[in-house]
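File shown here: structure_32.cif, holding mmCIF, C-alpha atoms.
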data_run
#
loop_
_atom_site.label_atom_id
_atom_site.label_comp_id
_atom_site.auth_asym_id
_atom_site.auth_seq_id
_atom_site.Cartn_x
_atom_site.Cartn_y
_atom_site.Cartn_z
CA MET A 1 143.80 131.82 91.06
CA THR A 2 143.08 128.43 89.54
CA LYS A 3 140.64 128.21 86.67
CA ILE A 4 137.37 126.31 86.93
CA THR A 5 135.17 125.18 84.06
CA ILE A 6 131.45 124.86 84.80
CA TYR A 7 129.09 122.92 82.56
CA ASP A 8 125.47 123.73 83.34
CA HIS A 9 123.34 120.92 81.98
CA GLU A 10 120.11 122.89 82.52
CA THR A 11 121.11 125.91 80.46
CA GLY A 12 123.65 124.24 78.19
CA GLU A 13 126.16 126.95 79.08
CA THR A 14 129.85 126.39 79.69
CA VAL A 15 131.74 128.96 81.70
CA GLU A 16 135.47 129.03 82.27
CA ARG A 17 136.64 131.54 84.85
CA GLU A 18 138.97 132.14 87.74
CA MET A 19 137.90 130.49 90.98
CA THR A 20 136.30 132.58 93.67
CA VAL A 21 138.10 132.82 97.00
CA ALA A 22 135.82 130.14 98.46
CA GLU A 23 136.36 127.86 95.47
CA GLN A 24 140.13 128.36 95.63
CA THR A 25 140.13 127.57 99.36
CA ASN A 26 138.20 124.38 98.68
CA TYR A 27 140.54 123.49 95.81
CA ASP A 28 143.56 123.98 98.08
CA ASN A 29 141.95 121.85 100.78
CA VAL A 30 141.41 119.01 98.32
CA GLN A 31 145.05 119.28 97.22
CA THR A 32 146.16 119.13 100.86
CA GLU A 33 143.91 116.16 101.45
CA ILE A 34 145.33 114.25 98.50
CA GLU A 35 148.91 115.10 99.45
CA ALA A 36 148.31 113.84 102.99
CA GLU A 37 146.90 110.59 101.62
CA LEU A 38 149.85 110.15 99.27
CA GLU A 39 152.26 110.81 102.12
CA ALA A 40 150.46 108.26 104.29
CA GLN A 41 150.63 105.71 101.48
CA ALA A 42 154.31 106.40 100.95
CA ALA A 43 154.98 106.06 104.66
CA LYS A 44 153.11 102.78 104.69
CA ALA A 45 155.12 101.50 101.72
CA THR A 46 158.36 102.50 103.44
CA ALA A 47 157.32 100.76 106.64
CA ARG A 48 156.39 97.67 104.65
CA THR A 49 159.76 97.60 102.93
CA ALA A 50 161.51 97.98 106.28
CA LEU A 51 159.46 95.18 107.79
CA LEU A 52 160.20 92.85 104.89
CA ALA A 53 163.91 93.57 105.31
CA LYS A 54 163.65 92.89 109.02
CA LEU A 55 161.92 89.56 108.34
CA GLY A 56 164.35 88.74 105.57
CA ILE A 57 161.69 87.95 103.01
CA THR A 58 160.85 89.40 99.63
CA GLU A 59 157.64 91.13 98.53
CA ALA A 60 156.67 88.01 96.57
CA GLU A 61 157.26 85.80 99.62
CA ALA A 62 155.15 88.14 101.72
CA GLN A 63 152.34 87.86 99.18
CA LEU A 64 152.59 84.06 99.36
CA LEU A 65 152.46 84.21 103.13
CA LEU A 66 149.32 86.32 103.09
CA GLY A 67 147.63 84.05 100.58
CA MET B 1 75.44 116.52 60.79
CA ALA B 2 75.82 112.79 61.17
CA LEU B 3 74.55 109.97 59.03
CA PRO B 4 72.02 107.60 60.55
CA THR B 5 73.75 104.54 61.94
CA VAL B 6 71.55 102.35 59.75
CA PHE B 7 69.21 103.36 56.93
CA LEU B 8 65.88 101.64 57.37
CA SER B 9 63.14 101.03 54.91
CA GLY B 10 61.33 104.31 54.22
CA ASP B 11 64.24 106.51 55.27
CA VAL B 12 65.07 109.30 52.83
CA PHE B 13 68.64 109.45 51.52
CA THR B 14 69.26 113.15 51.01
CA ALA B 15 71.81 115.12 49.03
CA ALA B 16 73.29 116.18 52.35
CA ASN B 17 73.73 112.51 53.24
CA ALA B 18 75.48 111.88 49.95
CA ASN B 19 77.76 114.89 50.36
CA LEU B 20 78.62 113.80 53.85
CA LEU B 21 79.53 110.34 52.62
CA ARG B 22 81.67 111.83 49.87
CA SER B 23 83.35 114.29 52.19
CA ASN B 24 84.09 111.56 54.69
CA GLN B 25 86.05 109.68 52.07
CA TYR B 26 88.68 112.40 51.90
CA ASN B 27 88.11 114.36 55.09
CA GLN B 28 87.04 111.99 57.77
CA THR B 29 84.49 113.04 60.35
CA VAL B 30 86.42 113.83 63.51
CA SER B 31 85.14 113.62 67.03
CA THR B 32 87.50 115.05 69.64
CA LYS B 33 87.31 113.82 73.22
CA THR B 34 89.02 115.38 76.20
CA THR B 35 88.14 112.68 78.70
CA SER B 36 87.88 108.90 78.61
CA TYR B 37 85.31 107.79 76.10
CA THR B 38 83.06 104.80 75.40
CA LEU B 39 82.44 104.19 71.71
CA VAL B 40 78.87 104.48 70.43
CA ALA B 41 77.30 103.14 67.25
CA ALA B 42 77.42 106.54 65.53
CA ASP B 43 81.24 106.50 65.71
CA VAL B 44 81.45 103.94 62.92
CA GLY B 45 83.65 105.15 60.09
CA THR B 46 84.80 108.23 61.98
CA ARG B 47 88.02 109.29 63.61
CA ILE B 48 88.03 109.54 67.40
CA VAL B 49 90.69 112.01 68.51
CA MET B 50 91.70 111.97 72.14
CA ASN B 51 93.17 115.17 73.51
CA SER B 52 94.00 115.04 77.19
CA ALA B 53 97.08 115.86 79.23
CA SER B 54 96.34 112.92 81.49
CA ALA B 55 95.83 109.26 80.71
CA THR B 56 92.53 108.27 79.12
CA THR B 57 90.76 105.17 77.79
CA ILE B 58 88.54 104.31 74.85
CA THR B 59 86.17 101.56 75.87
CA VAL B 60 84.84 99.13 73.27
CA ASN B 61 81.49 97.46 73.90
CA THR B 62 79.66 94.76 72.01
CA SER B 63 76.51 94.96 69.86
CA LEU B 64 77.23 98.45 68.55
CA PHE B 65 79.14 97.60 65.39
CA SER B 66 79.01 94.95 62.69
CA ALA B 67 81.60 92.83 60.94
CA GLY B 68 83.69 95.07 58.68
CA ASP B 69 83.02 98.29 60.60
CA THR B 70 86.12 100.39 61.03
CA LEU B 71 87.10 103.37 63.17
CA VAL B 72 90.31 105.33 63.44
CA LEU B 73 91.52 106.02 66.96
CA GLN B 74 94.02 108.83 67.40
CA ASN B 75 95.69 110.59 70.30
CA ILE B 76 97.06 114.12 70.15
CA GLY B 77 97.24 114.71 73.91
CA ALA B 78 100.21 114.20 76.18
CA GLY B 79 98.31 111.61 78.20
CA VAL B 80 98.52 108.08 76.83
CA CYS B 81 95.17 106.71 75.68
CA THR B 82 94.52 103.00 76.11
CA VAL B 83 92.06 101.06 74.00
CA THR B 84 90.12 99.03 76.52
CA ALA B 85 87.87 96.04 76.02
CA GLY B 86 84.50 96.68 77.63
CA THR B 87 81.98 94.02 76.74
CA ALA B 88 83.60 93.45 73.33
CA THR B 89 86.94 91.76 72.83
CA VAL B 90 89.87 93.78 71.54
CA SER B 91 92.85 91.88 70.18
CA SER B 92 96.08 93.38 68.94
CA ALA B 93 99.51 92.27 67.88
CA GLY B 94 100.87 95.49 69.33
CA PRO B 95 100.22 97.68 72.34
CA LEU B 96 96.75 99.00 73.09
CA ALA B 97 98.27 102.20 74.44
CA ILE B 98 98.23 105.08 71.98
CA PRO B 99 101.03 107.57 72.61
CA GLN B 100 100.79 111.24 71.78
CA ASN B 101 100.51 111.68 68.01
CA GLY B 102 99.90 107.97 67.62
CA SER B 103 96.89 106.32 66.07
CA GLY B 104 95.45 102.98 65.01
CA ILE B 105 92.54 101.29 63.28
CA LEU B 106 89.85 99.45 65.20
CA TYR B 107 88.31 96.81 62.95
CA PHE B 108 85.32 94.66 63.88
CA THR B 109 85.11 91.05 62.74
CA SER B 110 81.73 90.67 64.42
CA ALA B 111 79.50 92.65 66.75
CA GLY B 112 81.49 91.63 69.79
CA VAL B 113 84.97 91.02 68.40
CA SER B 114 87.41 93.68 67.29
CA ILE B 115 91.06 93.93 66.35
CA TYR B 116 93.14 97.01 66.98
CA TYR B 117 95.93 97.70 64.49
CA PRO B 118 98.30 100.27 66.02
CA SER B 119 100.15 102.46 63.56
CA ALA B 120 102.28 104.08 66.24
CA VAL B 121 103.62 102.50 69.35
CA THR B 122 105.23 103.77 72.48
CA ALA B 123 108.91 103.02 72.29
CA SER B 124 109.94 100.81 75.13
CA ALA B 125 111.81 102.80 77.71
CA SER B 126 115.54 102.30 77.78
CA ALA B 127 116.96 100.95 81.00
CA LEU B 128 119.58 103.68 80.90
CA THR B 129 119.04 107.17 79.59
CA LEU B 130 121.98 109.36 78.66
CA ILE B 131 121.52 112.64 80.50
CA SER B 132 124.77 114.39 79.84
CA SER B 133 127.99 113.81 77.95
CA THR B 134 130.89 116.13 78.60
CA ALA B 135 134.25 116.01 76.89
CA ILE B 136 136.86 117.54 79.17
CA SER B 137 140.09 118.77 77.67
CA ALA B 138 143.10 119.77 79.77
CA GLN B 139 141.28 121.06 82.87
CA THR B 140 142.22 121.01 86.54
CA SER B 141 138.78 121.70 87.99
CA VAL B 142 135.47 120.96 86.31
CA ALA B 143 131.94 121.33 87.66
CA ILE B 144 128.95 119.65 86.06
CA ASP B 145 125.79 121.24 87.43
CA ASN B 146 122.06 120.51 87.25
CA VAL B 147 122.33 116.92 86.06
CA PHE B 148 120.67 115.19 89.02
CA THR B 149 116.91 115.68 89.23
CA SER B 150 113.91 113.86 90.61
CA THR B 151 113.41 112.17 87.22
CA TYR B 152 115.74 109.40 88.38
CA THR B 153 116.59 107.78 91.66
CA ASN B 154 119.85 106.15 90.58
CA TYR B 155 122.57 107.36 88.28
CA LEU B 156 125.56 105.89 86.53
CA VAL B 157 128.51 108.16 85.84
CA LEU B 158 131.23 106.90 83.51
CA PHE B 159 134.62 108.54 83.65
CA ASP B 160 136.04 107.26 80.41
CA ASN B 161 139.43 107.56 78.74
CA PHE B 162 140.88 109.78 81.43
CA VAL B 163 144.47 110.81 80.91
CA ALA B 164 146.73 113.34 82.59
CA ALA B 165 150.18 114.72 81.98
CA GLY B 166 151.45 113.05 85.13
CA SER B 167 150.34 110.98 88.06
CA MET B 168 146.93 112.19 89.09
CA SER B 169 144.24 111.33 91.57
CA LEU B 170 140.81 112.60 90.53
CA ARG B 171 138.43 113.63 93.29
CA LEU B 172 134.71 114.38 93.33
CA GLN B 173 132.63 116.67 95.53
CA TRP B 174 128.86 117.04 95.41
CA ARG B 175 127.19 120.31 94.42
CA TYR B 176 123.83 121.64 95.56
CA ALA B 177 121.73 124.79 95.15
CA GLY B 178 123.78 127.83 94.46
CA PRO B 179 125.59 125.91 93.16
CA THR B 180 127.60 125.36 96.30
CA THR B 181 130.18 122.64 96.86
CA GLN B 182 129.87 120.22 99.76
CA THR B 183 133.36 120.43 101.26
CA THR B 184 133.19 118.13 104.27
CA LEU B 185 131.92 114.82 105.67
CA SER B 186 132.87 112.56 102.78
CA PHE B 187 133.90 108.99 103.47
CA TYR B 188 135.16 106.30 101.16
CA ALA B 189 136.80 102.90 101.24
CA LEU B 190 138.23 101.23 98.16
CA SER B 191 140.65 98.35 97.79
CA GLY B 192 142.10 96.29 94.99
CA TYR B 193 145.20 94.76 93.53
CA ASN B 194 147.60 95.48 90.76
CA TYR B 195 148.82 92.93 88.19
CA ALA B 196 151.49 91.74 90.65
CA GLY B 197 149.01 91.15 93.43
CA THR B 198 150.06 94.14 95.49
CA LEU B 199 147.23 95.40 97.64
CA GLN B 200 146.16 98.99 97.15
CA THR B 201 143.71 100.87 99.35
CA GLN B 202 142.07 104.26 99.21
CA LEU B 203 140.49 105.27 102.50
CA GLN B 204 138.94 108.48 103.75
CA ASN B 205 137.38 109.21 107.12
CA SER B 206 135.31 112.38 106.90
CA GLY B 207 137.23 114.36 104.32
CA ALA B 208 136.64 116.97 101.67
CA SER B 209 136.30 114.78 98.60
CA ILE B 210 135.69 111.32 97.16
CA PHE B 211 138.19 109.26 95.20
CA VAL B 212 137.11 108.60 91.60
CA LEU B 213 140.17 107.34 89.75
CA GLN B 214 143.90 107.68 89.38
CA THR B 215 146.12 107.85 86.35
CA THR B 216 149.83 107.42 85.91
CA SER B 217 150.84 109.32 82.85
CA GLY B 218 149.60 110.62 79.55
CA ALA B 219 149.80 107.16 78.06
CA SER B 220 147.42 105.58 80.54
CA GLN B 221 143.68 105.66 80.14
CA ALA B 222 141.78 105.32 83.36
CA LEU B 223 138.19 104.20 83.51
CA SER B 224 135.86 104.55 86.43
CA GLN B 225 132.24 103.58 86.83
CA VAL B 226 130.33 105.24 89.65
CA ASN B 227 126.80 104.27 90.61
CA ILE B 228 125.05 106.92 92.63
CA SER B 229 121.92 107.15 94.72
CA GLY B 230 120.68 109.79 97.12
CA VAL B 231 121.01 112.72 94.74
CA GLY B 232 118.58 114.87 92.78
CA ASN B 233 115.49 114.14 94.84
CA SER B 234 114.63 115.25 98.35
CA SER B 235 117.35 116.03 100.85
CA GLN B 236 119.40 112.86 101.04
CA GLN B 237 122.90 111.63 101.76
CA PRO B 238 124.61 110.57 98.53
CA VAL B 239 125.91 107.02 98.37
CA ALA B 240 128.17 105.76 95.59
CA THR B 241 129.82 102.54 94.55
CA ILE B 242 133.03 102.99 92.62
CA ASN B 243 134.80 100.65 90.22
CA SER B 244 138.01 102.09 88.88
CA PHE B 245 140.93 100.91 86.79
CA ASP B 246 144.19 102.74 86.27
CA ASN B 247 145.78 101.59 83.05
CA GLY B 248 149.16 102.96 84.13
CA PHE B 249 149.65 101.48 87.58
CA LEU B 250 147.39 98.59 86.51
CA TYR B 251 145.42 98.90 89.70
CA TYR B 252 141.84 97.86 90.01
CA LEU B 253 139.98 99.52 92.86
CA ALA B 254 136.46 98.89 94.02
CA GLY B 255 134.57 100.29 96.94
CA GLY B 256 131.99 102.75 98.11
CA ALA B 257 131.54 106.29 99.32
CA ASN B 258 129.12 108.27 101.38
CA THR B 259 128.73 111.92 102.27
CA ASP B 260 127.23 112.34 105.71
CA GLN B 261 125.28 115.49 104.89
CA ALA B 262 121.73 115.34 103.56
CA ARG B 263 120.96 117.86 100.83
CA THR B 264 119.32 117.93 97.42
CA TYR B 265 122.46 117.47 95.38
CA THR B 266 122.26 118.50 91.74
CA GLY B 267 125.78 118.00 90.38
CA PHE B 268 129.43 117.54 91.20
CA ILE B 269 132.85 119.06 90.80
CA LEU B 270 136.01 117.20 89.79
CA THR B 271 139.44 118.20 91.01
CA SER B 272 142.77 116.72 90.01
CA SER B 273 145.79 116.37 92.26
CA ASN B 274 149.07 118.20 91.71
CA ALA B 275 147.34 120.79 89.50
CA ASN B 276 147.46 118.20 86.73
CA ASN B 277 145.43 118.92 83.65
CA PHE B 278 143.14 116.03 82.91
CA THR B 279 141.32 115.02 79.76
CA GLY B 280 138.47 112.57 79.45
CA ASN B 281 134.77 112.01 78.94
CA VAL B 282 132.12 112.17 81.63
CA ARG B 283 128.85 110.51 80.71
CA ILE B 284 125.92 110.61 83.08
CA TYR B 285 123.05 108.15 82.74
CA GLY B 286 119.80 107.82 84.63
CA TYR B 287 118.39 104.43 85.50
CA GLN B 288 114.73 104.02 84.61
CA LYS B 289 112.66 103.76 87.77
CA SER B 290 110.48 100.97 86.41
#

Would you write out, as structure tokens, the structure that this file holds?
Amino acid sequence: MTKITIYDHETGETVEREMTVAEQTNYDNVQTEIEAELEAQAAKATARTALLAKLGITEAEAQLLLG
Amino acid sequence: MALPTVFLSGDVFTAANANLLRSNQYNQTVSTKTTSYTLVAADVGTRIVMNSASATTITVNTSLFSAGDTLVLQNIGAGVCTVTAGTATVSSAGPLAIPQNGSGILYFTSAGVSIYYPSAVTASASALTLISSTAISAQTSVAIDNVFTSTYTNYLVLFDNFVAAGSMSLRLQWRYAGPTTQTTLSFYALSGYNYAGTLQTQLQNSGASIFVLQTTSGASQALSQVNISGVGNSSQQPVATINSFDNGFLYYLAGGANTDQARTYTGFILTSSNANNFTGNVRIYGYQKS
């Protein structure tokens, strides 16, 4: 289990403990979400590089073209 | 026992009168009021003490006092007491509001003209009030609970000096009673450029969390400023504007976020990507309502 640290502003208490099953599930979901976003960004970057190669222009030239 | 307001010809000045005068020099006659009060002639030279949990007034009328007459006005209650001109004028270089444990001197220059000299003033409210400051050291998941209340409508959260061992994206989820984490229905859209002009976007259509910032390595120090509304009060959907800078990738990102689920949110949880430990300071401020 992953650890979670909880700061309770009302009581001033800080608790560090293992995540509950529900918290761990949520944590894993967030990790999956981030990974999917990173993969999508990487795929987009790859597609962009391929398109630039197809057009025969550089990244800087593409930036100029887009203003 | 009170002294006559004015001794007239034929009045008898008694030992009791003399003792009262003497005692008043060192132990002023006190008159405590629990509701708004209008000064009367017999109050001259005494101390009027207001003691009310709610706001009150002390009204000052003309033709009751003479030039040189002085009173002390004091407030020990939680409710602010305001010195109010009735038929007399009341001038002051400071505020006429007397805060709890504040006081002032009311001095008459004539029967209808007085000056109030406050000895304690209500500090002007700060536009931003620091609610919570949390130093996070090498954590992967941190919840900060019970920071949003009905005291404020809008909040500013600064994520300052954030570093991580490796590349990290920091995400936020709202927390409500329980505390329970809101795990769905979050949307965000941010865009920006890096130093080379390369466009960067961060988009989410109904996901689990909200983008806060990203860091590159331990050497970078990311900063993010998040303005929040729709939390801490009645059941509302949180809305946030996000301004973030990653000092590693040199990306600036700006945008907004919404969570399409109305609740009374009281805090949030931060989660890093790739199980990266993150370190940084989270400071939460409340914007004064008025």

- Please identify all polymer residues within 12 Å of Gly197 of chain B, counting all atoms listed in the file, omitting same-chain residues fewer than 5 positions from it, and present them as a list in words.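 Close residues of Gly197 of chain B: Glu59, Ala60, Glu61, Ala62, Gln63, Leu64, Leu66 and Gly67 of chain A; Ser191, Gly192, Phe249, Leu250, Tyr251 and Tyr252 of chain B.
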
Find the nearest atom pair between each residue of chain B and chain A for residues within 6 Å, count only C-alpha atoms, give distances in Å to one decimal, sort rows by chain and ascending number, and present the table as a Markdown table.
| residue | atom | partner | partner_atom | distance |
| --- | --- | --- | --- | --- |
| B:Ser141 | CA | A:Ile4 | CA | 4.9 |
| B:Val142 | CA | A:Thr5 | CA | 4.8 |
| B:Ala143 | CA | A:Ile6 | CA | 4.6 |
| B:Ile144 | CA | A:Tyr7 | CA | 4.8 |
| B:Asp145 | CA | A:Asp8 | CA | 4.8 |
| B:Asn146 | CA | A:His9 | CA | 5.4 |
| B:Val147 | CA | A:His9 | CA | 5.8 |
| B:Ser273 | CA | A:Gln31 | CA | 5.8 |

- For the structure shown, which residues end up in the PyMOL selection byres ((chain B and resi 55) around 6)? Put them as number ranges by chain, please? B: 54, 56, 79-81

- Message: I'd like the residues picked by the PyMOL selection byres ((chain B and resi 87-104) around 12) written out as a PyMOL selection string, using the chain letters and numbers from the file.
- Response: chain B and resi 38-39+47-66+70-86+105-124

May I have the residues from that selection written out with C-alpha atoms, as a compact mmCIF listing (two decimals), in the frame of the given file?
# COMPACT_ATOMS: atom_id res chain seq x y z
CA THR B 38 83.06 104.80 75.40
CA LEU B 39 82.44 104.19 71.71
CA ARG B 47 88.02 109.29 63.61
CA ILE B 48 88.03 109.54 67.40
CA VAL B 49 90.69 112.01 68.51
CA MET B 50 91.70 111.97 72.14
CA ASN B 51 93.17 115.17 73.51
CA SER B 52 94.00 115.04 77.19
CA ALA B 53 97.08 115.86 79.23
CA SER B 54 96.34 112.92 81.49
CA ALA B 55 95.83 109.26 80.71
CA THR B 56 92.53 108.27 79.12
CA THR B 57 90.76 105.17 77.79
CA ILE B 58 88.54 104.31 74.85
CA THR B 59 86.17 101.56 75.87
CA VAL B 60 84.84 99.13 73.27
CA ASN B 61 81.49 97.46 73.90
CA THR B 62 79.66 94.76 72.01
CA SER B 63 76.51 94.96 69.86
CA LEU B 64 77.23 98.45 68.55
CA PHE B 65 79.14 97.60 65.39
CA SER B 66 79.01 94.95 62.69
CA THR B 70 86.12 100.39 61.03
CA LEU B 71 87.10 103.37 63.17
CA VAL B 72 90.31 105.33 63.44
CA LEU B 73 91.52 106.02 66.96
CA GLN B 74 94.02 108.83 67.40
CA ASN B 75 95.69 110.59 70.30
CA ILE B 76 97.06 114.12 70.15
CA GLY B 77 97.24 114.71 73.91
CA ALA B 78 100.21 114.20 76.18
CA GLY B 79 98.31 111.61 78.20
CA VAL B 80 98.52 108.08 76.83
CA CYS B 81 95.17 106.71 75.68
CA THR B 82 94.52 103.00 76.11
CA VAL B 83 92.06 101.06 74.00
CA THR B 84 90.12 99.03 76.52
CA ALA B 85 87.87 96.04 76.02
CA GLY B 86 84.50 96.68 77.63
CA ILE B 105 92.54 101.29 63.28
CA LEU B 106 89.85 99.45 65.20
CA TYR B 107 88.31 96.81 62.95
CA PHE B 108 85.32 94.66 63.88
CA THR B 109 85.11 91.05 62.74
CA SER B 110 81.73 90.67 64.42
CA ALA B 111 79.50 92.65 66.75
CA GLY B 112 81.49 91.63 69.79
CA VAL B 113 84.97 91.02 68.40
CA SER B 114 87.41 93.68 67.29
CA ILE B 115 91.06 93.93 66.35
CA TYR B 116 93.14 97.01 66.98
CA TYR B 117 95.93 97.70 64.49
CA PRO B 118 98.30 100.27 66.02
CA SER B 119 100.15 102.46 63.56
CA ALA B 120 102.28 104.08 66.24
CA VAL B 121 103.62 102.50 69.35
CA THR B 122 105.23 103.77 72.48
CA ALA B 123 108.91 103.02 72.29
CA SER B 124 109.94 100.81 75.13

- Query: So what do you get for atom CA of Thr180 of chain B versus atom CA of Asn233 of chain B, distance-wise?
  - Reply: 16.6 Å

- Item | Selection result of the PyMOL selection byres ((chain B and resi 153-163) around 8) on this file, as a ChimeraX atom specification | /B:150-152,164-165,215,217-233,278-287,289

Would you save the residues from that selection as a compact mmCIF listing (two decimals), in the frame of the given file, using C-alpha atoms?
# COMPACT_ATOMS: atom_id res chain seq x y z
CA SER B 150 113.91 113.86 90.61
CA THR B 151 113.41 112.17 87.22
CA TYR B 152 115.74 109.40 88.38
CA ALA B 164 146.73 113.34 82.59
CA ALA B 165 150.18 114.72 81.98
CA THR B 215 146.12 107.85 86.35
CA SER B 217 150.84 109.32 82.85
CA GLY B 218 149.60 110.62 79.55
CA ALA B 219 149.80 107.16 78.06
CA SER B 220 147.42 105.58 80.54
CA GLN B 221 143.68 105.66 80.14
CA ALA B 222 141.78 105.32 83.36
CA LEU B 223 138.19 104.20 83.51
CA SER B 224 135.86 104.55 86.43
CA GLN B 225 132.24 103.58 86.83
CA VAL B 226 130.33 105.24 89.65
CA ASN B 227 126.80 104.27 90.61
CA ILE B 228 125.05 106.92 92.63
CA SER B 229 121.92 107.15 94.72
CA GLY B 230 120.68 109.79 97.12
CA VAL B 231 121.01 112.72 94.74
CA GLY B 232 118.58 114.87 92.78
CA ASN B 233 115.49 114.14 94.84
CA PHE B 278 143.14 116.03 82.91
CA THR B 279 141.32 115.02 79.76
CA GLY B 280 138.47 112.57 79.45
CA ASN B 281 134.77 112.01 78.94
CA VAL B 282 132.12 112.17 81.63
CA ARG B 283 128.85 110.51 80.71
CA ILE B 284 125.92 110.61 83.08
CA TYR B 285 123.05 108.15 82.74
CA GLY B 286 119.80 107.82 84.63
CA TYR B 287 118.39 104.43 85.50
CA LYS B 289 112.66 103.76 87.77

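Between atom CA of Gln202 of chain B and atom CA of Gly255 of chain B lies a distance of 8.8 Å.
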
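Residues lying at most 6 Å from (130.0, 106.6, 98.8) in file coordinates, with all atoms listed in the file considered, are Tyr188, Val239, Ala240, Thr241, Gly256, Ala257 and Asn258 of chain B.
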
Selected residues written out with C-alpha atoms, as a short mmCIF file (atom, residue, chain, number, x, y, z; two decimals), keeping the file's coordinate frame:
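The result, written out as again_17.cif:
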data_model
loop_
_atom_site.label_atom_id
_atom_site.label_comp_id
_atom_site.auth_asym_id
_atom_site.auth_seq_id
_atom_site.Cartn_x
_atom_site.Cartn_y
_atom_site.Cartn_z
CA TYR B 188 135.16 106.30 101.16
CA VAL B 239 125.91 107.02 98.37
CA ALA B 240 128.17 105.76 95.59
CA THR B 241 129.82 102.54 94.55
CA GLY B 256 131.99 102.75 98.11
CA ALA B 257 131.54 106.29 99.32
CA ASN B 258 129.12 108.27 101.38
#
